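Below is input.cif, holding mmCIF, C-alpha atoms.
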```cif
data_start
loop_
_atom_site.label_atom_id
_atom_site.label_comp_id
_atom_site.auth_asym_id
_atom_site.auth_seq_id
_atom_site.Cartn_x
_atom_site.Cartn_y
_atom_site.Cartn_z
CA MET A 19 -21.58 49.75 -9.32
CA SER A 20 -21.73 46.06 -9.20
CA GLY A 21 -22.58 42.82 -7.59
CA ARG A 22 -19.46 42.01 -5.76
CA LEU A 23 -16.09 42.01 -7.37
CA CYS A 24 -16.99 42.96 -10.86
CA SER A 25 -17.82 46.21 -12.49
CA LYS A 26 -20.83 46.43 -14.65
CA ALA A 27 -20.88 47.52 -18.20
CA ILE A 28 -23.40 47.85 -20.93
CA PHE A 29 -23.08 46.31 -24.29
CA ALA A 30 -23.43 49.24 -26.60
CA GLY A 31 -23.09 47.60 -29.94
CA TYR A 32 -20.60 46.14 -32.26
CA LYS A 33 -17.66 47.86 -33.69
CA GLN A 34 -18.86 49.12 -36.98
CA GLY A 35 -18.21 51.35 -39.86
CA LEU A 36 -21.00 53.34 -41.27
CA ARG A 37 -22.79 50.43 -42.80
CA ASN A 38 -20.96 47.30 -41.80
CA GLN A 39 -20.62 45.90 -38.32
CA ARG A 40 -17.93 43.60 -37.01
CA GLU A 41 -19.54 41.22 -34.60
CA HIS A 42 -16.26 39.86 -33.33
CA ASN A 43 -15.61 43.16 -31.70
CA SER A 44 -17.99 44.58 -29.14
CA LEU A 45 -18.25 48.00 -27.63
CA LEU A 46 -18.87 48.31 -23.95
CA LYS A 47 -19.75 51.22 -21.78
CA ILE A 48 -18.38 50.64 -18.31
CA GLU A 49 -20.24 52.19 -15.46
CA GLY A 50 -18.43 55.12 -13.97
CA VAL A 51 -16.03 55.49 -16.81
CA TYR A 52 -16.86 58.40 -18.98
CA VAL A 53 -13.48 59.72 -19.91
CA ARG A 54 -10.84 58.12 -22.02
CA ASP A 55 -8.09 58.45 -19.40
CA GLU A 56 -10.07 56.45 -16.93
CA THR A 57 -10.31 53.41 -19.13
CA GLU A 58 -6.68 52.51 -18.67
CA PHE A 59 -7.47 50.58 -15.54
CA TYR A 60 -9.79 48.28 -17.42
CA LEU A 61 -7.68 47.47 -20.42
CA GLY A 62 -6.71 43.87 -20.51
CA LYS A 63 -9.21 42.92 -17.88
CA ARG A 64 -11.56 40.10 -18.48
CA CYS A 65 -15.19 40.62 -19.03
CA VAL A 66 -18.01 38.20 -19.04
CA SER A 67 -21.45 38.16 -20.43
CA VAL A 68 -23.81 36.34 -18.15
CA TYR A 69 -27.10 35.11 -19.42
CA LYS A 70 -29.67 32.52 -18.68
CA ALA A 71 -30.97 29.77 -20.84
CA LYS A 72 -33.48 27.04 -20.55
CA THR A 73 -31.40 24.03 -19.68
CA ASN A 74 -28.95 23.48 -16.88
CA THR A 75 -25.29 23.58 -17.66
CA VAL A 76 -22.22 22.84 -15.64
CA THR A 77 -20.93 25.51 -13.33
CA PRO A 78 -17.40 25.30 -12.05
CA GLY A 79 -17.46 25.37 -8.29
CA GLY A 80 -21.20 24.93 -8.07
CA LYS A 81 -24.18 22.96 -9.10
CA PRO A 82 -25.33 22.97 -12.67
CA ASN A 83 -27.65 25.87 -13.23
CA LYS A 84 -29.26 27.83 -15.95
CA THR A 85 -26.67 30.58 -16.05
CA ARG A 86 -24.26 30.68 -18.90
CA VAL A 87 -21.36 32.85 -19.72
CA ILE A 88 -19.33 34.09 -22.55
CA TRP A 89 -15.89 35.26 -21.57
CA GLY A 90 -14.07 38.09 -23.19
CA LYS A 91 -11.35 40.58 -22.76
CA ILE A 92 -11.19 44.32 -22.97
CA THR A 93 -8.87 45.14 -25.76
CA ARG A 94 -8.74 48.86 -26.24
CA THR A 95 -10.46 52.16 -25.73
CA HIS A 96 -12.94 53.50 -28.15
CA GLY A 97 -13.46 57.19 -28.49
CA ASN A 98 -13.07 59.87 -25.91
CA ASN A 99 -15.91 59.12 -23.59
CA GLY A 100 -14.84 55.99 -21.85
CA MET A 101 -16.13 53.43 -24.27
CA VAL A 102 -14.12 50.33 -24.60
CA CYS A 103 -13.67 47.57 -27.13
CA ALA A 104 -13.93 44.00 -26.07
CA LYS A 105 -13.52 40.72 -27.80
CA PHE A 106 -15.58 37.86 -26.60
CA GLN A 107 -14.88 34.24 -27.14
CA GLY A 108 -17.95 33.88 -29.23
CA HIS A 109 -19.74 36.71 -30.86
CA TRP A 110 -21.87 38.68 -28.53
CA THR A 111 -25.26 37.18 -29.07
CA GLN A 112 -27.68 38.76 -26.68
CA ASN A 113 -29.83 41.76 -27.27
CA PRO A 114 -28.22 44.91 -25.98
CA CYS A 115 -31.04 45.59 -23.61
CA ASP A 116 -31.07 42.11 -22.12
CA THR A 117 -27.72 41.44 -20.64
CA LEU A 118 -24.91 43.31 -19.04
CA PRO A 119 -21.32 42.29 -19.17
CA PHE A 120 -19.31 42.33 -15.99
CA GLU A 121 -15.71 43.29 -15.73
CA ASP A 122 -13.50 41.31 -13.44
CA LEU A 123 -11.18 43.34 -11.40
CA MET B 20 12.30 36.80 -4.90
CA ALA B 21 12.44 40.32 -6.14
CA GLY B 22 15.74 41.51 -7.40
CA GLU B 23 16.82 38.41 -9.24
CA LYS B 24 18.49 38.94 -12.56
CA ALA B 25 16.41 38.31 -15.64
CA GLU B 26 16.84 35.08 -17.53
CA LYS B 27 18.07 34.93 -21.08
CA PRO B 28 15.51 36.23 -23.55
CA ASP B 29 15.10 32.97 -25.41
CA THR B 30 13.77 31.16 -22.38
CA LYS B 31 11.09 33.78 -22.00
CA GLU B 32 10.03 33.26 -25.58
CA LYS B 33 9.33 29.63 -24.81
CA LYS B 34 6.86 30.57 -22.17
CA PRO B 35 4.39 32.51 -24.31
CA GLU B 36 4.52 29.77 -26.88
CA ALA B 37 3.65 27.22 -24.27
CA LYS B 38 0.72 29.31 -23.18
CA LYS B 39 -0.66 29.66 -26.68
CA ALA B 40 -0.50 25.94 -27.29
CA ASP B 41 -2.31 25.35 -24.06
CA ALA B 42 -5.03 27.77 -25.02
CA GLY B 43 -5.63 25.89 -28.22
CA ASN B 44 -6.01 22.64 -26.37
CA LYS B 45 -8.58 23.83 -23.93
CA ALA B 46 -11.80 24.02 -25.81
CA LYS B 47 -14.38 26.63 -25.06
CA LYS B 48 -16.27 25.41 -22.07
CA VAL B 49 -19.37 27.02 -20.79
CA LYS B 50 -18.63 28.84 -17.53
CA MET B 51 -14.94 28.06 -17.82
CA VAL B 52 -13.35 30.43 -15.41
CA LYS B 53 -9.81 30.55 -16.62
CA LYS B 54 -7.43 28.37 -18.52
CA VAL B 55 -6.52 25.47 -16.32
CA LYS B 56 -2.90 24.61 -15.96
CA LYS B 57 -1.19 21.94 -13.97
CA GLY B 58 0.26 22.65 -10.60
CA LYS B 59 -2.83 24.00 -8.92
CA PRO B 60 -2.47 25.63 -5.54
CA HIS B 61 -3.90 24.24 -2.34
CA CYS B 62 -7.69 24.02 -2.17
CA SER B 63 -9.88 21.38 -3.71
CA ARG B 64 -12.25 23.51 -5.70
CA ASN B 65 -10.20 26.49 -6.47
CA PRO B 66 -10.45 28.10 -9.83
CA VAL B 67 -7.46 30.30 -9.04
CA LEU B 68 -4.94 29.21 -11.51
CA VAL B 69 -1.28 29.02 -11.46
CA ARG B 70 0.60 30.61 -14.23
CA GLY B 71 4.28 30.68 -14.32
CA ILE B 72 4.89 27.15 -13.16
CA GLY B 73 4.80 25.93 -16.71
CA ARG B 74 3.78 22.55 -17.92
CA TYR B 75 5.40 19.44 -16.63
CA SER B 76 6.47 18.28 -20.04
CA ARG B 77 9.44 16.04 -20.30
CA SER B 78 11.23 18.28 -22.71
CA PRO B 79 14.37 19.89 -21.38
CA ASP B 80 12.94 23.31 -22.18
CA SER B 81 10.37 23.06 -19.45
CA ARG B 82 13.02 23.11 -16.77
CA LYS B 83 14.05 26.54 -17.86
CA VAL B 84 10.67 27.79 -16.79
CA LEU B 85 11.40 26.74 -13.27
CA LYS B 86 14.47 28.89 -13.31
CA HIS B 87 12.67 31.98 -14.42
CA ALA B 88 13.15 35.06 -12.37
CA ARG B 89 10.01 35.55 -10.38
CA LYS B 90 8.86 39.08 -10.33
CA LEU B 91 6.91 40.66 -7.60
CA ARG B 92 4.95 43.82 -7.95
CA ALA B 93 6.51 46.67 -6.10
CA SER B 94 3.33 47.21 -4.20
CA ILE B 95 3.46 43.76 -2.66
CA THR B 96 5.83 43.47 0.28
CA PRO B 97 5.72 41.11 3.23
CA GLY B 98 2.96 42.26 5.50
CA THR B 99 0.87 43.88 2.82
CA VAL B 100 -2.83 43.32 2.99
CA LEU B 101 -4.02 41.82 -0.24
CA ILE B 102 -7.50 41.43 -1.53
CA ILE B 103 -8.04 38.04 -3.07
CA LEU B 104 -10.27 38.28 -6.06
CA PRO B 105 -11.31 34.97 -7.54
CA GLY B 106 -12.18 31.71 -5.93
CA ARG B 107 -13.88 30.79 -2.74
CA HIS B 108 -11.98 33.46 -0.86
CA GLY B 109 -12.89 36.19 -3.27
CA GLY B 110 -13.16 39.56 -1.62
CA LYS B 111 -11.26 38.59 1.46
CA ARG B 112 -8.49 40.66 2.84
CA VAL B 113 -5.45 38.66 3.60
CA VAL B 114 -1.87 39.17 4.76
CA PHE B 115 0.95 38.49 2.38
CA LEU B 116 3.79 36.52 3.91
CA LYS B 117 6.29 35.79 1.23
CA GLN B 118 6.78 34.81 -2.34
CA LEU B 119 7.45 31.16 -2.95
CA GLY B 120 9.91 29.69 -5.39
CA SER B 121 7.35 29.26 -8.11
CA GLY B 122 6.36 32.89 -7.92
CA LEU B 123 3.15 32.31 -6.08
CA LEU B 124 2.41 34.31 -3.01
CA LEU B 125 2.16 32.67 0.37
CA VAL B 126 -0.68 34.20 2.19
CA SER B 127 -2.56 33.71 5.43
CA GLY B 128 -5.92 35.07 6.62
CA PRO B 129 -5.09 34.67 9.47
CA LEU B 130 -7.40 31.71 9.70
CA SER B 131 -9.20 32.82 12.82
CA LEU B 132 -10.11 36.15 11.30
CA ASN B 133 -11.34 35.30 7.87
CA ARG B 134 -11.00 31.57 7.37
CA VAL B 135 -8.25 31.87 4.86
CA PRO B 136 -5.56 29.37 5.74
CA LEU B 137 -1.93 29.35 4.76
CA ARG B 138 -2.37 29.34 1.09
CA ARG B 139 -0.86 30.19 -2.21
CA THR B 140 -2.31 32.79 -4.50
CA HIS B 141 -1.18 34.36 -7.66
CA GLN B 142 -0.10 37.96 -7.99
CA LYS B 143 -2.33 38.55 -10.90
CA PHE B 144 -5.47 37.67 -9.07
CA VAL B 145 -4.88 39.88 -6.14
CA ILE B 146 -5.22 43.57 -5.40
CA ALA B 147 -2.45 44.96 -3.28
CA THR B 148 -3.58 47.56 -0.83
CA SER B 149 -1.34 50.11 0.69
CA THR B 150 -2.10 48.79 4.15
CA LYS B 151 0.78 46.94 5.68
CA ILE B 152 1.56 45.18 8.90
CA ASP B 153 5.04 44.86 10.15
CA ILE B 154 5.76 41.17 10.08
CA SER B 155 9.50 41.44 10.09
CA GLY B 156 9.76 39.35 13.19
CA VAL B 157 7.45 36.63 12.02
CA LYS B 158 9.28 33.40 11.38
CA ILE B 159 7.73 31.44 8.60
CA PRO B 160 8.57 27.74 8.80
CA GLU B 161 11.08 26.74 6.18
CA HIS B 162 9.17 23.75 4.99
CA LEU B 163 6.34 25.86 3.58
CA THR B 164 7.26 25.56 -0.05
CA ASP B 165 5.46 24.84 -3.25
CA THR B 166 5.68 21.12 -2.82
CA TYR B 167 4.09 21.43 0.58
CA PHE B 168 1.11 23.19 -0.91
CA LYS B 169 0.87 21.23 -4.06
CA LYS B 170 -2.55 19.85 -4.58
CA LYS B 171 -2.78 16.20 -3.79
CA LYS B 172 -4.53 14.10 -6.35
CA LEU B 173 -7.56 12.54 -4.81
CA HIS B 174 -7.86 9.02 -5.97
CA LYS B 175 -11.08 7.84 -7.39
CA PRO B 176 -11.84 4.40 -6.07
CA ARG B 177 -11.32 1.97 -8.85
CA HIS B 178 -13.70 -0.88 -8.35
CA GLN B 179 -17.12 0.29 -7.53
CA GLU B 180 -20.00 -2.06 -7.18
CA GLY B 181 -22.86 -0.86 -9.24
CA GLU B 182 -22.38 2.80 -9.97
CA ILE B 183 -19.96 3.79 -12.62
CA PHE B 184 -20.62 7.48 -12.30
CA HIS B 185 -20.82 9.52 -9.16
CA THR B 186 -18.21 7.43 -7.42
CA GLU B 187 -17.17 8.79 -4.09
CA ARG B 188 -13.88 10.48 -4.14
CA GLU B 189 -11.49 10.68 -1.32
CA LYS B 190 -12.32 13.86 0.40
CA TYR B 191 -9.71 16.42 1.04
CA GLU B 192 -8.71 16.36 4.66
CA ILE B 193 -6.70 18.95 6.45
CA THR B 194 -3.58 17.31 7.72
CA GLU B 195 -2.31 17.82 11.21
CA GLN B 196 0.82 19.28 9.79
CA ARG B 197 -1.12 22.09 8.24
CA LYS B 198 -2.92 22.85 11.42
CA VAL B 199 0.30 23.03 13.29
CA ASP B 200 1.89 25.30 10.75
CA GLN B 201 -1.18 27.45 10.60
CA LYS B 202 -1.08 27.97 14.32
CA ALA B 203 2.61 28.66 14.30
CA VAL B 204 2.34 31.42 11.76
CA ASP B 205 -0.97 32.84 12.84
CA SER B 206 -0.08 33.21 16.47
CA GLN B 207 2.83 35.39 15.52
CA MET B 208 0.76 37.42 13.13
CA LEU B 209 -2.17 37.86 15.42
CA ARG B 210 -0.01 39.45 18.04
CA ARG B 211 0.97 42.11 15.61
CA ILE B 212 -2.48 42.47 14.17
CA LYS B 213 -4.04 43.03 17.52
CA ALA B 214 -1.52 45.68 18.30
CA ALA B 215 -2.63 47.78 15.39
CA PRO B 216 -5.92 49.59 15.80
CA LEU B 217 -8.92 48.35 13.79
CA PHE B 218 -6.84 45.78 11.99
CA GLN B 219 -8.74 42.75 13.13
CA GLY B 220 -11.99 44.15 11.90
CA TYR B 221 -10.37 45.16 8.68
CA LEU B 222 -9.13 41.69 7.93
CA ARG B 223 -12.45 40.25 8.92
CA SER B 224 -14.34 42.38 6.48
CA MET B 225 -14.71 41.60 2.85
CA PHE B 226 -14.08 43.83 -0.05
CA ALA B 227 -16.99 44.54 -2.31
CA LEU B 228 -17.98 47.06 -4.86
CA THR B 229 -21.21 48.86 -4.21
CA ASP B 230 -23.15 51.69 -5.67
CA GLY B 231 -20.95 54.44 -6.87
CA ILE B 232 -17.67 52.72 -6.17
CA TYR B 233 -15.72 52.32 -9.34
CA PRO B 234 -12.49 50.36 -9.15
CA HIS B 235 -10.60 52.71 -11.37
CA LYS B 236 -11.30 55.50 -8.95
CA VAL B 237 -10.59 53.60 -5.79
CA VAL B 238 -7.28 54.13 -4.09
CA PHE B 239 -6.32 50.76 -2.75
#
```
Starting from the file, give its structure as structure tokens.
Amino acid sequence: MSGRLCSKAIFAGYKQGLRNQREHNSLLKIEGVYVRDETEFYLGKRCVSVYKAKTNTVTPGGKPNKTRVIWGKITRTHGNNGMVCAKFQGHWTQNPCDTLPFEDL
Amino acid sequence: MAGEKAEKPDTKEKKPEAKKADAGNKAKKVKMVKKVKKGKPHCSRNPVLVRGIGRYSRSPDSRKVLKHARKLRASITPGTVLIILPGRHGGKRVVFLKQLGSGLLLVSGPLSLNRVPLRRTHQKFVIATSTKIDISGVKIPEHLTDTYFKKKKLHKPRHQEGEIFHTEREKYEITEQRKVDQKAVDSQMLRRIKAAPLFQGYLRSMFALTDGIYPHKVVF
């Protein structure tokens, strides 16, 4: 399910132990992937968190607009149900309910 | 070209080092698509990047990169229909012609079908489908090499009256040579494309993910 050439995913939280979370490592739930074997396709793919802010910023290949991105990469699987670990260039900063990461094919 | 022998292992070690250094140099930019390297393929605003050409440093090591064996995925053979992913032609289905010396893929829309000209793309940014056309008889002009496609630097005019910023750049213009070559290759390809049923429409259409289509489940 997606816009055009990306898959959608949901930011499910940070990698964490019982009481400590590691914000440099995010957990994503990719749409359509609910089994560990199916995640292999996505490993190593880039992912991007797209969000909007108040001021305009430069967009490569387009006019400056309010959309911003944080790029990341899917690093490994997480668990048996298709969850995946990703590392973003900055820490994931948005609320889980607000933004969805996209996975580039 | 597929089938070349592998280079010595030490030359390959140089390459990842070069990439890491480059990554450190490029600061985090907002909306930066991918790490930019020199030697960009043809197209003025193309974020498709070229890896594998290596940096044009003066050190003798850099020349080894040019001698690297260029691999080609087994699924990509001349005549394969590829789906270009990033850039202005993202989602377009395109015919693969051959692999150039730098490892980049020479590809053509054909232009009349989907407005993709003779162009270079990178293997990594392409999905190879199992659909193939037989282009064994197509003669690709010899002069279509990396240097032919290399992006020309557009000169900023130096002395501008008044404005310092927003100076007009030379616009990219399609040379006659390109048009001629495009026609030469496309006419051969179109003959074969039209012979196959539904192919024209296929190349015209764009690839997109929609509801319920998950790339890991799609058979390309």
Carefully work through the PyMOL selection byres ((chain B) within 6 of (chain A)) for this structure and note down the residues it includes, as number ranges by chain.
B: 50, 227-232, 235
With all atoms listed in the file as the counted atoms, please give the residues lying no more than 12 Å from region 34-38 of chain A, apart from itself and same-chain residues fewer than 6 positions off, as number ranges by chain.
A: 44-45, 96, 103
Given the file shown, enumerate the residues that the PyMOL selection byres ((chain A and resi 105) around 6) captures and present them as a ChimeraX atom specification.
/A:43,90-91,104,106
Suppose you want the space between CA of Tyr167 (chain B) and CA of Gly120 (chain B); what is it in Å?
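Between CA of Tyr167 (chain B) and CA of Gly120 (chain B) the gap is 11.7 Å.
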The PyMOL selection byres ((chain B and resi 196) around 12) on the file shown: which residues, as a PDB file with C-alpha atoms, in the coordinates of the input?
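Result written to expr.pdb:
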```pdb
ATOM      1  CA  LEU B 137      -1.930  29.350   4.760  1.00  0.00           C
ATOM      2  CA  PRO B 160       8.570  27.740   8.800  1.00  0.00           C
ATOM      3  CA  HIS B 162       9.170  23.750   4.990  1.00  0.00           C
ATOM      4  CA  LEU B 163       6.340  25.860   3.580  1.00  0.00           C
ATOM      5  CA  TYR B 167       4.090  21.430   0.580  1.00  0.00           C
ATOM      6  CA  PHE B 168       1.110  23.190  -0.910  1.00  0.00           C
ATOM      7  CA  GLU B 192      -8.710  16.360   4.660  1.00  0.00           C
ATOM      8  CA  ILE B 193      -6.700  18.950   6.450  1.00  0.00           C
ATOM      9  CA  THR B 194      -3.580  17.310   7.720  1.00  0.00           C
ATOM     10  CA  GLU B 195      -2.310  17.820  11.210  1.00  0.00           C
ATOM     11  CA  ARG B 197      -1.120  22.090   8.240  1.00  0.00           C
ATOM     12  CA  LYS B 198      -2.920  22.850  11.420  1.00  0.00           C
ATOM     13  CA  VAL B 199       0.300  23.030  13.290  1.00  0.00           C
ATOM     14  CA  ASP B 200       1.890  25.300  10.750  1.00  0.00           C
ATOM     15  CA  GLN B 201      -1.180  27.450  10.600  1.00  0.00           C
ATOM     16  CA  LYS B 202      -1.080  27.970  14.320  1.00  0.00           C
ATOM     17  CA  ALA B 203       2.610  28.660  14.300  1.00  0.00           C
TER      18      ALA B 203
END
```
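Here the question is which of B:Met225, B:Ile212, B:Leu116, B:Leu130 gets nearest to Ile152 (chain B) using only C-alpha atoms, and that residue is B:Ile212.
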Compute the distance from (-10.7, 37.6, -5.4) to each atom, counting only C-alpha atoms, keep the residues with any atom at most 9 Å away, and return them as a compact mmCIF listing (two decimals) with C-alpha atoms, in the frame of the given file; use the coordinates of the file.
```txt
# COMPACT_ATOMS: atom_id res chain seq x y z
CA LEU A 23 -16.09 42.01 -7.37
CA LEU A 123 -11.18 43.34 -11.40
CA VAL B 67 -7.46 30.30 -9.04
CA ILE B 102 -7.50 41.43 -1.53
CA ILE B 103 -8.04 38.04 -3.07
CA LEU B 104 -10.27 38.28 -6.06
CA PRO B 105 -11.31 34.97 -7.54
CA GLY B 106 -12.18 31.71 -5.93
CA ARG B 107 -13.88 30.79 -2.74
CA HIS B 108 -11.98 33.46 -0.86
CA GLY B 109 -12.89 36.19 -3.27
CA GLY B 110 -13.16 39.56 -1.62
CA LYS B 111 -11.26 38.59 1.46
CA PHE B 144 -5.47 37.67 -9.07
CA VAL B 145 -4.88 39.88 -6.14
CA ILE B 146 -5.22 43.57 -5.40
CA PHE B 226 -14.08 43.83 -0.05
```
If you measure from CA of Arg94 (chain A) to CA of Lys70 (chain A), what distance in Å do you get, rounded to one decimal?
27.6 Å
Residues near Gly98 (chain B), cut-off 7 Å, all atoms listed in the file, skip fewer than 4 positions along chain, as an MDAnalysis selection string:
chainID B and resid 114:116 151:154
For those residues, write C-alpha atoms to a file as a CSV table (one decimal), in the coordinates of the input.
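Result file selection_14.csv:
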```
chain,number,residue,atom,x,y,z
B,114,VAL,CA,-1.9,39.2,4.8
B,115,PHE,CA,1.0,38.5,2.4
B,116,LEU,CA,3.8,36.5,3.9
B,151,LYS,CA,0.8,46.9,5.7
B,152,ILE,CA,1.6,45.2,8.9
B,153,ASP,CA,5.0,44.9,10.2
B,154,ILE,CA,5.8,41.2,10.1
```
Just the number, please: distance in Å from CA of Val204 (chain B) to CA of Ser149 (chain B), one decimal.
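Computed distance, CA of Val204 (chain B) to CA of Ser149 (chain B), equals 22.0 Å.
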Give me, as a list of chain:residue names, all polymer residues having an atom no more than 6 Å from Arg139 (chain B), counting all atoms listed in the file and skipping those fewer than 6 positions away in the same chain.
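Everything that qualifies: B:Pro60, B:Leu123, B:Leu124, B:Leu125, B:Val126.
The residue that comes closest to Asn133 (chain B), out of B:Ser155, B:Thr166, B:Gln219, B:Thr150 and on the basis of all atoms listed in the file, is B:Gln219.
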If you count all atoms listed in the file, which residues fall within 10 Å of Arg54 (chain A), apart from same-chain ones fewer than 5 positions away, as a short mmCIF file (atom, residue, chain, number, x, y, z; two decimals) with C-alpha atoms, in the frame of the given file?
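What landed in result.cif:
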```
data_model
loop_
_atom_site.label_atom_id
_atom_site.label_comp_id
_atom_site.auth_asym_id
_atom_site.auth_seq_id
_atom_site.Cartn_x
_atom_site.Cartn_y
_atom_site.Cartn_z
CA THR A 95 -10.46 52.16 -25.73
CA HIS A 96 -12.94 53.50 -28.15
CA GLY A 97 -13.46 57.19 -28.49
CA ASN A 98 -13.07 59.87 -25.91
CA ASN A 99 -15.91 59.12 -23.59
CA GLY A 100 -14.84 55.99 -21.85
CA MET A 101 -16.13 53.43 -24.27
CA VAL A 102 -14.12 50.33 -24.60
#
```
